[in-house]
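Next comes final_35.cif, with mmCIF, C-alpha atoms.
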data_query
loop_
_atom_site.group_PDB
_atom_site.id
_atom_site.type_symbol
_atom_site.label_atom_id
_atom_site.label_comp_id
_atom_site.auth_asym_id
_atom_site.auth_seq_id
_atom_site.Cartn_x
_atom_site.Cartn_y
_atom_site.Cartn_z
ATOM 1 C CA MET Y 21 18.655 6.274 4.053
ATOM 2 C CA GLY Y 22 16.375 8.605 2.051
ATOM 3 C CA PHE Y 23 13.119 7.483 0.425
ATOM 4 C CA PHE Y 24 14.695 6.832 -2.978
ATOM 5 C CA ASP Y 25 17.458 4.680 -1.485
ATOM 6 C CA LYS Y 26 14.943 2.738 0.591
ATOM 7 C CA ILE Y 27 12.518 2.119 -2.266
ATOM 8 C CA LYS Y 28 15.434 1.161 -4.519
ATOM 9 C CA LYS Y 29 16.664 -1.317 -1.911
ATOM 10 C CA GLY Y 30 13.115 -2.592 -1.364
ATOM 11 C CA LEU Y 31 12.645 -3.141 -5.089
ATOM 12 C CA GLU Y 32 15.986 -4.895 -5.504
ATOM 13 C CA LYS Y 33 14.485 -8.313 -6.298
ATOM 14 C CA THR Y 34 12.005 -6.824 -8.760
ATOM 15 C CA LYS Y 35 14.667 -4.636 -10.305
ATOM 16 C CA ASN Y 36 17.105 -7.525 -10.656
ATOM 17 C CA ALA Y 37 14.408 -9.562 -12.383
ATOM 18 C CA ILE Y 38 13.577 -6.930 -15.005
ATOM 19 C CA ALA Y 39 16.433 -4.408 -15.159
ATOM 20 C CA SER Y 40 18.581 -6.472 -17.524
ATOM 21 C CA LYS Y 41 15.522 -7.188 -19.697
ATOM 22 C CA PHE Y 42 14.728 -3.476 -19.901
ATOM 23 C CA LYS Y 43 18.358 -2.749 -20.734
ATOM 24 C CA GLU Y 44 18.324 -5.189 -23.644
ATOM 25 C CA LEU Y 45 14.891 -4.035 -24.760
ATOM 26 C CA PHE Y 46 15.919 -0.403 -25.094
ATOM 27 C CA LYS Y 47 19.018 -1.362 -27.084
ATOM 28 C CA ARG Y 48 16.743 -2.313 -29.983
ATOM 29 C CA SER Y 49 17.024 -0.049 -32.965
ATOM 30 C CA GLU Y 50 13.346 0.625 -33.493
ATOM 31 C CA LEU Y 51 9.860 0.374 -32.055
ATOM 32 C CA ASP Y 52 8.628 -2.646 -33.966
ATOM 33 C CA ASP Y 53 6.301 -5.528 -33.127
ATOM 34 C CA ASP Y 54 9.140 -7.477 -31.527
ATOM 35 C CA PHE Y 55 9.849 -4.536 -29.207
ATOM 36 C CA TYR Y 56 6.248 -4.371 -28.015
ATOM 37 C CA ASP Y 57 6.001 -8.159 -27.645
ATOM 38 C CA GLU Y 58 9.089 -8.177 -25.448
ATOM 39 C CA LEU Y 59 7.819 -5.224 -23.417
ATOM 40 C CA GLU Y 60 4.531 -7.059 -22.862
ATOM 41 C CA TYR Y 61 6.415 -10.100 -21.559
ATOM 42 C CA ILE Y 62 8.523 -7.997 -19.166
ATOM 43 C CA LEU Y 63 5.536 -6.136 -17.718
ATOM 44 C CA ILE Y 64 3.370 -9.225 -17.244
ATOM 45 C CA SER Y 65 6.250 -11.148 -15.642
ATOM 46 C CA SER Y 66 6.536 -8.275 -13.125
ATOM 47 C CA ASP Y 67 2.911 -8.927 -12.041
ATOM 48 C CA ILE Y 68 1.537 -5.810 -13.676
ATOM 49 C CA GLY Y 69 -1.279 -7.921 -15.111
ATOM 50 C CA ALA Y 70 -2.531 -8.470 -18.659
ATOM 51 C CA MET Y 71 -5.150 -5.704 -18.764
ATOM 52 C CA THR Y 72 -2.928 -2.997 -17.279
ATOM 53 C CA THR Y 73 -0.043 -4.113 -19.496
ATOM 54 C CA ALA Y 74 -2.248 -3.811 -22.589
ATOM 55 C CA ASP Y 75 -3.271 -0.290 -21.528
ATOM 56 C CA ILE Y 76 0.364 0.736 -21.013
ATOM 57 C CA ILE Y 77 1.460 -0.594 -24.406
ATOM 58 C CA ASP Y 78 -1.484 0.984 -26.243
ATOM 59 C CA GLU Y 79 -0.729 4.323 -24.616
ATOM 60 C CA LEU Y 80 2.967 4.039 -25.465
ATOM 61 C CA LYS Y 81 2.151 3.356 -29.133
ATOM 62 C CA VAL Y 82 -0.151 6.383 -29.319
ATOM 63 C CA LYS Y 83 2.338 8.745 -27.630
ATOM 64 C CA ALA Y 84 5.304 7.458 -29.652
ATOM 65 C CA LYS Y 85 3.367 8.018 -32.887
ATOM 66 C CA LYS Y 86 2.217 11.484 -31.812
ATOM 67 C CA GLU Y 87 5.739 12.554 -30.859
ATOM 68 C CA LYS Y 88 7.215 10.800 -33.927
ATOM 69 C CA ILE Y 89 9.512 8.629 -31.833
ATOM 70 C CA LYS Y 90 10.821 5.596 -33.679
ATOM 71 C CA GLU Y 91 13.944 4.684 -31.672
ATOM 72 C CA SER Y 92 13.466 2.423 -28.670
ATOM 73 C CA GLU Y 93 15.935 4.325 -26.462
ATOM 74 C CA LYS Y 94 13.856 7.495 -26.797
ATOM 75 C CA ALA Y 95 10.748 5.553 -25.816
ATOM 76 C CA LYS Y 96 12.149 4.828 -22.353
ATOM 77 C CA ASN Y 97 11.222 8.249 -20.949
ATOM 78 C CA LEU Y 98 7.776 7.938 -22.505
ATOM 79 C CA LEU Y 99 7.255 4.605 -20.754
ATOM 80 C CA LYS Y 100 8.415 6.043 -17.424
ATOM 81 C CA GLN Y 101 6.048 8.980 -17.871
ATOM 82 C CA ILE Y 102 3.107 6.636 -18.562
ATOM 83 C CA LEU Y 103 3.885 4.520 -15.488
ATOM 84 C CA VAL Y 104 4.107 7.594 -13.246
ATOM 85 C CA GLU Y 105 0.756 8.838 -14.574
ATOM 86 C CA LYS Y 106 -0.870 5.468 -13.858
ATOM 87 C CA LEU Y 107 0.498 5.525 -10.315
ATOM 88 C CA THR Y 108 -0.541 9.084 -9.563
ATOM 89 C CA ILE Y 109 -3.938 9.380 -7.938
ATOM 90 C CA GLU Y 110 -5.455 12.117 -5.796
ATOM 91 C CA ASP Y 111 -4.573 11.374 -2.174
ATOM 92 C CA PRO Y 112 -4.901 14.361 0.190
ATOM 93 C CA LYS Y 113 -2.423 14.698 3.036
ATOM 94 C CA PRO Y 114 -3.771 13.452 6.387
ATOM 95 C CA VAL Y 115 -5.810 15.842 8.502
ATOM 96 C CA TYR Y 116 -5.727 15.500 12.280
ATOM 97 C CA PRO Y 117 -7.259 14.113 14.432
ATOM 98 C CA LEU Y 118 -6.789 11.010 12.304
ATOM 99 C CA SER Y 119 -7.974 7.444 12.759
ATOM 100 C CA TYR Y 120 -6.783 4.521 10.620
ATOM 101 C CA LEU Y 121 -8.738 1.260 10.684
ATOM 102 C CA ILE Y 122 -6.160 -1.327 9.636
ATOM 103 C CA ILE Y 123 -7.799 -4.267 7.854
ATOM 104 C CA GLY Y 124 -6.680 -7.307 5.850
ATOM 105 C CA VAL Y 125 -6.534 -11.089 5.847
ATOM 106 C CA ASN Y 126 -4.486 -13.052 8.345
ATOM 107 C CA GLY Y 127 -0.749 -13.159 7.774
ATOM 108 C CA VAL Y 128 -0.263 -9.921 5.827
ATOM 109 C CA GLY Y 129 1.427 -8.184 8.768
ATOM 110 C CA LYS Y 130 -1.293 -5.870 10.111
ATOM 111 C CA THR Y 131 -0.050 -5.756 13.697
ATOM 112 C CA THR Y 132 3.567 -5.192 12.689
ATOM 113 C CA THR Y 133 2.440 -2.507 10.246
ATOM 114 C CA ILE Y 134 0.564 -0.698 13.030
ATOM 115 C CA GLY Y 135 3.726 -0.795 15.131
ATOM 116 C CA LYS Y 136 5.701 0.785 12.309
ATOM 117 C CA LEU Y 137 2.956 3.361 11.689
ATOM 118 C CA SER Y 138 3.006 4.358 15.353
ATOM 119 C CA ASN Y 139 6.752 4.954 15.056
ATOM 120 C CA TYR Y 140 6.194 6.930 11.825
ATOM 121 C CA PHE Y 141 3.688 9.283 13.480
ATOM 122 C CA LYS Y 142 5.706 9.585 16.694
ATOM 123 C CA LYS Y 143 8.617 10.863 14.619
ATOM 124 C CA GLN Y 144 6.252 13.577 13.379
ATOM 125 C CA LYS Y 145 5.607 14.546 17.026
ATOM 126 C CA LYS Y 146 2.053 13.177 16.968
ATOM 127 C CA ASP Y 147 0.289 11.779 20.030
ATOM 128 C CA VAL Y 148 -0.657 8.200 19.086
ATOM 129 C CA ILE Y 149 -3.048 5.640 20.592
ATOM 130 C CA LEU Y 150 -3.266 1.978 19.548
ATOM 131 C CA ALA Y 151 -6.491 -0.036 19.788
ATOM 132 C CA ALA Y 152 -6.035 -3.812 20.106
ATOM 133 C CA GLY Y 153 -9.155 -4.718 18.130
ATOM 134 C CA ASP Y 154 -7.917 -8.185 17.137
ATOM 135 C CA THR Y 155 -9.232 -9.988 20.214
ATOM 136 C CA PHE Y 156 -9.652 -13.329 18.415
ATOM 137 C CA ARG Y 157 -6.063 -14.191 17.553
ATOM 138 C CA ALA Y 158 -4.088 -15.574 20.470
ATOM 139 C CA ALA Y 159 -1.433 -13.130 21.716
ATOM 140 C CA ALA Y 160 -2.405 -10.418 19.180
ATOM 141 C CA SER Y 161 -2.836 -7.873 21.990
ATOM 142 C CA ASP Y 162 0.502 -8.900 23.514
ATOM 143 C CA GLN Y 163 2.221 -8.416 20.161
ATOM 144 C CA LEU Y 164 0.653 -4.973 19.749
ATOM 145 C CA ASN Y 165 1.572 -4.124 23.347
ATOM 146 C CA GLU Y 166 5.228 -4.821 22.542
ATOM 147 C CA TRP Y 167 5.035 -2.354 19.646
ATOM 148 C CA ALA Y 168 3.338 0.217 21.901
ATOM 149 C CA ASN Y 169 6.193 -0.080 24.390
ATOM 150 C CA ARG Y 170 8.781 0.113 21.636
ATOM 151 C CA SER Y 171 7.236 3.263 20.152
ATOM 152 C CA LYS Y 172 6.310 4.663 23.579
ATOM 153 C CA VAL Y 173 2.628 5.140 22.732
ATOM 154 C CA LYS Y 174 -0.573 4.349 24.630
ATOM 155 C CA ILE Y 175 -2.528 1.158 23.947
ATOM 156 C CA ILE Y 176 -6.160 0.318 24.718
ATOM 157 C CA LYS Y 177 -6.769 -3.413 25.067
ATOM 158 C CA HIS Y 178 -9.246 -5.837 26.662
ATOM 159 C CA THR Y 179 -9.001 -9.518 27.503
ATOM 160 C CA GLU Y 180 -8.706 -12.112 24.763
ATOM 161 C CA GLY Y 181 -12.093 -12.903 23.217
ATOM 162 C CA ALA Y 182 -13.630 -9.554 24.169
ATOM 163 C CA ASP Y 183 -15.901 -7.668 21.782
ATOM 164 C CA PRO Y 184 -13.616 -5.752 19.367
ATOM 165 C CA ALA Y 185 -16.191 -2.976 19.101
ATOM 166 C CA SER Y 186 -15.963 -2.327 22.860
ATOM 167 C CA VAL Y 187 -12.170 -1.973 22.590
ATOM 168 C CA VAL Y 188 -12.591 0.563 19.793
ATOM 169 C CA TYR Y 189 -15.295 2.415 21.765
ATOM 170 C CA ASP Y 190 -12.917 2.868 24.704
ATOM 171 C CA ALA Y 191 -10.057 3.844 22.390
ATOM 172 C CA VAL Y 192 -12.144 6.555 20.707
ATOM 173 C CA GLU Y 193 -13.234 7.880 24.112
ATOM 174 C CA SER Y 194 -9.582 8.006 25.183
ATOM 175 C CA MET Y 195 -8.581 9.748 21.964
ATOM 176 C CA LYS Y 196 -11.219 12.450 22.472
ATOM 177 C CA ALA Y 197 -10.419 12.932 26.158
ATOM 178 C CA LYS Y 198 -6.674 13.216 25.593
ATOM 179 C CA LYS Y 199 -7.044 15.153 22.338
ATOM 180 C CA ALA Y 200 -4.681 12.649 20.718
ATOM 181 C CA ASP Y 201 -3.669 13.129 17.081
ATOM 182 C CA VAL Y 202 -3.766 9.556 15.765
ATOM 183 C CA LEU Y 203 -5.699 6.382 16.560
ATOM 184 C CA LEU Y 204 -4.522 3.139 14.920
ATOM 185 C CA ILE Y 205 -7.016 0.272 15.150
ATOM 186 C CA ASP Y 206 -5.905 -3.342 14.772
ATOM 187 C CA THR Y 207 -8.528 -5.825 13.522
ATOM 188 C CA ALA Y 208 -8.970 -9.560 13.067
ATOM 189 C CA GLY Y 209 -8.174 -11.026 9.663
ATOM 190 C CA ARG Y 210 -10.724 -13.791 9.902
ATOM 191 C CA LEU Y 211 -13.736 -14.465 12.124
ATOM 192 C CA HIS Y 212 -16.081 -17.428 11.580
ATOM 193 C CA ASN Y 213 -16.514 -16.517 7.925
ATOM 194 C CA LYS Y 214 -16.182 -13.598 5.512
ATOM 195 C CA VAL Y 215 -19.637 -12.195 6.315
ATOM 196 C CA ASN Y 216 -18.901 -12.083 10.057
ATOM 197 C CA LEU Y 217 -15.606 -10.316 9.456
ATOM 198 C CA MET Y 218 -17.119 -7.650 7.222
ATOM 199 C CA GLU Y 219 -20.009 -7.060 9.618
ATOM 200 C CA GLU Y 220 -17.524 -6.618 12.471
ATOM 201 C CA LEU Y 221 -15.580 -4.048 10.438
ATOM 202 C CA LYS Y 222 -18.791 -2.171 9.632
ATOM 203 C CA LYS Y 223 -19.722 -2.147 13.329
ATOM 204 C CA ILE Y 224 -16.315 -0.720 14.280
ATOM 205 C CA SER Y 225 -16.606 1.937 11.578
ATOM 206 C CA LYS Y 226 -19.989 3.087 12.864
ATOM 207 C CA ILE Y 227 -18.577 3.495 16.377
ATOM 208 C CA VAL Y 228 -15.680 5.673 15.221
ATOM 209 C CA MET Y 229 -17.838 7.840 12.957
ATOM 210 C CA ASN Y 230 -20.675 8.222 15.463
ATOM 211 C CA LYS Y 231 -18.518 8.815 18.537
ATOM 212 C CA TYR Y 232 -16.027 11.183 16.914
ATOM 213 C CA ALA Y 233 -17.493 12.789 13.814
ATOM 214 C CA GLU Y 234 -14.724 15.414 13.700
ATOM 215 C CA CYS Y 235 -12.065 12.726 13.294
ATOM 216 C CA ASN Y 236 -10.627 12.061 9.835
ATOM 217 C CA TYR Y 237 -11.459 8.358 9.605
ATOM 218 C CA GLN Y 238 -9.898 6.121 6.948
ATOM 219 C CA LYS Y 239 -9.838 2.384 6.272
ATOM 220 C CA LEU Y 240 -6.470 1.094 5.101
ATOM 221 C CA LEU Y 241 -6.063 -2.384 3.636
ATOM 222 C CA VAL Y 242 -2.767 -4.163 4.312
ATOM 223 C CA LEU Y 243 -1.586 -6.375 1.455
ATOM 224 C CA ASP Y 244 1.333 -8.776 1.199
ATOM 225 C CA ALA Y 245 3.239 -7.922 -2.001
ATOM 226 C CA THR Y 246 4.479 -11.502 -2.317
ATOM 227 C CA THR Y 247 0.921 -12.757 -3.007
ATOM 228 C CA GLY Y 248 0.988 -11.116 -6.461
ATOM 229 C CA GLN Y 249 -2.292 -10.923 -8.369
ATOM 230 C CA ASN Y 250 -4.174 -12.330 -5.361
ATOM 231 C CA ALA Y 251 -3.620 -8.926 -3.755
ATOM 232 C CA VAL Y 252 -5.802 -7.341 -6.453
ATOM 233 C CA SER Y 253 -8.702 -9.669 -5.621
ATOM 234 C CA GLN Y 254 -8.321 -8.805 -1.915
ATOM 235 C CA VAL Y 255 -8.668 -5.107 -2.749
ATOM 236 C CA GLU Y 256 -11.840 -5.815 -4.716
ATOM 237 C CA LEU Y 257 -13.284 -7.949 -1.891
ATOM 238 C CA PHE Y 258 -12.707 -5.475 0.943
ATOM 239 C CA ASN Y 259 -13.557 -2.430 -1.163
ATOM 240 C CA GLU Y 260 -16.898 -3.916 -2.146
ATOM 241 C CA ALA Y 261 -17.727 -4.943 1.423
ATOM 242 C CA VAL Y 262 -16.599 -1.982 3.531
ATOM 243 C CA GLY Y 263 -14.919 0.517 1.202
ATOM 244 C CA ILE Y 264 -11.212 1.301 1.542
ATOM 245 C CA ASP Y 265 -9.372 4.611 1.412
ATOM 246 C CA GLY Y 266 -5.878 3.363 0.789
ATOM 247 C CA ILE Y 267 -3.395 0.487 0.661
ATOM 248 C CA ILE Y 268 -0.362 -0.417 2.726
ATOM 249 C CA LEU Y 269 1.770 -2.852 0.733
ATOM 250 C CA THR Y 270 4.069 -4.921 2.932
ATOM 251 C CA LYS Y 271 7.031 -7.190 2.097
ATOM 252 C CA LEU Y 272 7.841 -5.364 -1.124
ATOM 253 C CA ASP Y 273 11.472 -6.323 -0.534
ATOM 254 C CA GLY Y 274 10.544 -10.016 -0.531
ATOM 255 C CA THR Y 275 9.220 -10.289 -4.085
ATOM 256 C CA SER Y 276 10.584 -10.074 -7.610
ATOM 257 C CA LYS Y 277 7.140 -8.980 -8.811
ATOM 258 C CA GLY Y 278 6.859 -5.513 -7.273
ATOM 259 C CA GLY Y 279 4.927 -4.336 -10.318
ATOM 260 C CA ILE Y 280 1.730 -5.352 -8.486
ATOM 261 C CA ILE Y 281 1.478 -1.742 -7.252
ATOM 262 C CA ILE Y 282 0.630 -0.561 -10.773
ATOM 263 C CA PRO Y 283 -2.641 -2.498 -11.359
ATOM 264 C CA ILE Y 284 -3.738 -1.843 -7.770
ATOM 265 C CA ILE Y 285 -3.608 1.905 -8.330
ATOM 266 C CA SER Y 286 -4.383 2.269 -12.039
ATOM 267 C CA SER Y 287 -7.125 -0.360 -12.335
ATOM 268 C CA LEU Y 288 -8.745 -0.122 -8.921
ATOM 269 C CA GLN Y 289 -8.161 3.603 -8.339
ATOM 270 C CA VAL Y 290 -7.074 3.101 -4.739
ATOM 271 C CA PRO Y 291 -3.938 4.932 -3.569
ATOM 272 C CA VAL Y 292 -0.974 3.092 -2.076
ATOM 273 C CA LYS Y 293 -0.134 5.195 0.980
ATOM 274 C CA PHE Y 294 2.766 3.250 2.455
ATOM 275 C CA VAL Y 295 5.081 0.422 1.391
ATOM 276 C CA GLY Y 296 7.084 -1.931 3.578
ATOM 277 C CA VAL Y 297 10.649 -2.307 2.340
ATOM 278 C CA GLY Y 298 12.259 -4.227 5.194
ATOM 279 C CA GLU Y 299 11.825 -5.587 8.704
ATOM 280 C CA GLY Y 300 13.122 -2.559 10.609
ATOM 281 C CA ILE Y 301 10.839 -0.184 12.504
ATOM 282 C CA ASP Y 302 11.729 2.591 10.031
ATOM 283 C CA ASP Y 303 11.152 0.437 6.946
ATOM 284 C CA LEU Y 304 7.565 1.566 6.332
ATOM 285 C CA ILE Y 305 7.713 4.573 4.012
ATOM 286 C CA GLU Y 306 5.290 6.818 2.176
ATOM 287 C CA PHE Y 307 4.782 5.750 -1.413
ATOM 288 C CA ASN Y 308 6.155 8.074 -4.081
ATOM 289 C CA PRO Y 309 5.273 7.237 -7.746
ATOM 290 C CA VAL Y 310 8.221 9.064 -9.338
ATOM 291 C CA ASP Y 311 10.843 7.467 -7.098
ATOM 292 C CA TYR Y 312 9.207 4.069 -7.532
ATOM 293 C CA VAL Y 313 9.382 4.226 -11.344
ATOM 294 C CA ASN Y 314 12.922 5.640 -11.317
ATOM 295 C CA ALA Y 315 13.990 2.801 -9.017
ATOM 296 C CA LEU Y 316 12.678 0.240 -11.514
ATOM 297 C CA PHE Y 317 14.866 1.709 -14.248
ATOM 298 C CA GLU Y 318 17.886 2.638 -12.087
#
As a first step, turn the structure in this file into structure tokens.
Amino acid sequence: MGFFDKIKKGLEKTKNAIASKFKELFKRSELDDDFYDELEYILISSDIGAMTTADIIDELKVKAKKEKIKESEKAKNLLKQILVEKLTIEDPKPVYPLSYLIIGVNGVGKTTTIGKLSNYFKKQKKDVILAAGDTFRAAASDQLNEWANRSKVKIIKHTEGADPASVVYDAVESMKAKKADVLLIDTAGRLHNKVNLMEELKKISKIVMNKYAECNYQKLLVLDATTGQNAVSQVELFNEAVGIDGIILTKLDGTSKGGIIIPIISSLQVPVKFVGVGEGIDDLIEFNPVDYVNALFE
């Protein structure tokens, strides 16, 4: 399955929820107030959010007027163009050696995502190391170890309850010694409280940056697409505390409100790097704005 087929399949619930509404909307004879009211309802019901929806509609009105478009059918391509523009943000291709710190709250699928990422990079012939930095959750290291075996990559782990920073220290040392291409660091989703968690993430970041300054180090936040607008608040929380370089949106196939990607990128100016569109090891794919928008209207 190519990217477009996978994203289309992953967006099936979202598409089924809005495709028929879009179809009826663009059958209208003209761009009147009723058209824009209906469009607003469709976008908000797809979890695009009130503010982003208002921006999209305002922009559509301006462009339609400028291009003298009065028929709703002709406005469809304008709307698609606006959505693609809102989803397109500068996101340079990864430079190696590369280290991803995978962060997020409990239950979003961080460990599974790391397993899928290791498979993704292995397919690109990259030498990958996993760091089992979630030493607080019971069996987290065992779960990550299973993914390491499945993807045939090395894993650095300590005993349960060990200092996560010491695990990361050893993993960075191993990466440098072996001249590995990619280091993927698992982290806890919750310590005693939010402050403790953020301080732990800062500590880990300092170790990676100080021990291996030449490494391209990025912090990726894993979000569960089924949480809807709550995902936006998680981005704001982690970005304010530790700064994030990108998003991995999991379980996109499990929600009818896949429009959540749009406010995450357009409002928060954080790129979505990967999306999870299924449970298989190959079901984590690079995000592509054009294919995403086309899939919504397919």
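On the file presented, the PyMOL selection byres ((chain Y and resi 240) around 8) picks out Tyr120, Leu121, Ile122, Ile123, Gln238, Lys239, Leu241, Val242, Ile264, Asp265, Gly266, Ile267 and Ile268 of chain Y.
Atom CA of Gln101 of chain Y is positioned 18.3 Å from atom CA of Val292 of chain Y.
With distances taken over all atoms listed in the file, Y:Glu180 is the one residue among Y:Asp206, Y:Asp311, Y:Glu180, Y:Asp147 lying closest to Ala159 of chain Y.
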Apply the PyMOL selection byres ((chain Y and resi 186) around 12) to the displayed file and report the matching residues as a ChimeraX atom specification.
/Y:151-155,176-179,181-185,187-193,220,223-224,227-228
Given all atoms listed in the file as the basis, pick out the residue of Y:Leu288, Y:Leu203, Y:Leu137, Y:Met229 nearest to Glu256 of chain Y.
Y:Leu288
List the residues matched by the PyMOL selection byres ((chain Y and resi 146) around 10) in the displayed structure as a count of residues only, ordered by chain and then by residue number.
17
As AutoDock Vina command-line options, what would the box around segment 213-229 of chain Y look like: edges along x, y and z, 4 Å added on every side, centre and edge lengths in Å to one decimal?
--center_x -17.8 --center_y -4.3 --center_z 10.9 --size_x 12.4 --size_y 32.4 --size_z 18.9
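Considering all atoms listed in the file, the residue among Y:Tyr232, Y:Glu58, Y:Ser225, Y:Ser66 positioned nearest to Ala197 of chain Y is Y:Tyr232.
With distances taken over all atoms listed in the file, Y:Ile284 is the one residue among Y:Leu217, Y:Ile284, Y:Leu45, Y:Lys90 lying closest to Asn250 of chain Y.
For the atom pair formed by atom CA of Val115 of chain Y and atom CA of Asn236 of chain Y, the distance is 6.3 Å, given to one decimal.
Among the candidates Y:Lys222, Y:Lys113, Y:Lys130, Y:Lys29, the one nearest to Asn259 of chain Y when counting only C-alpha atoms is Y:Lys222.
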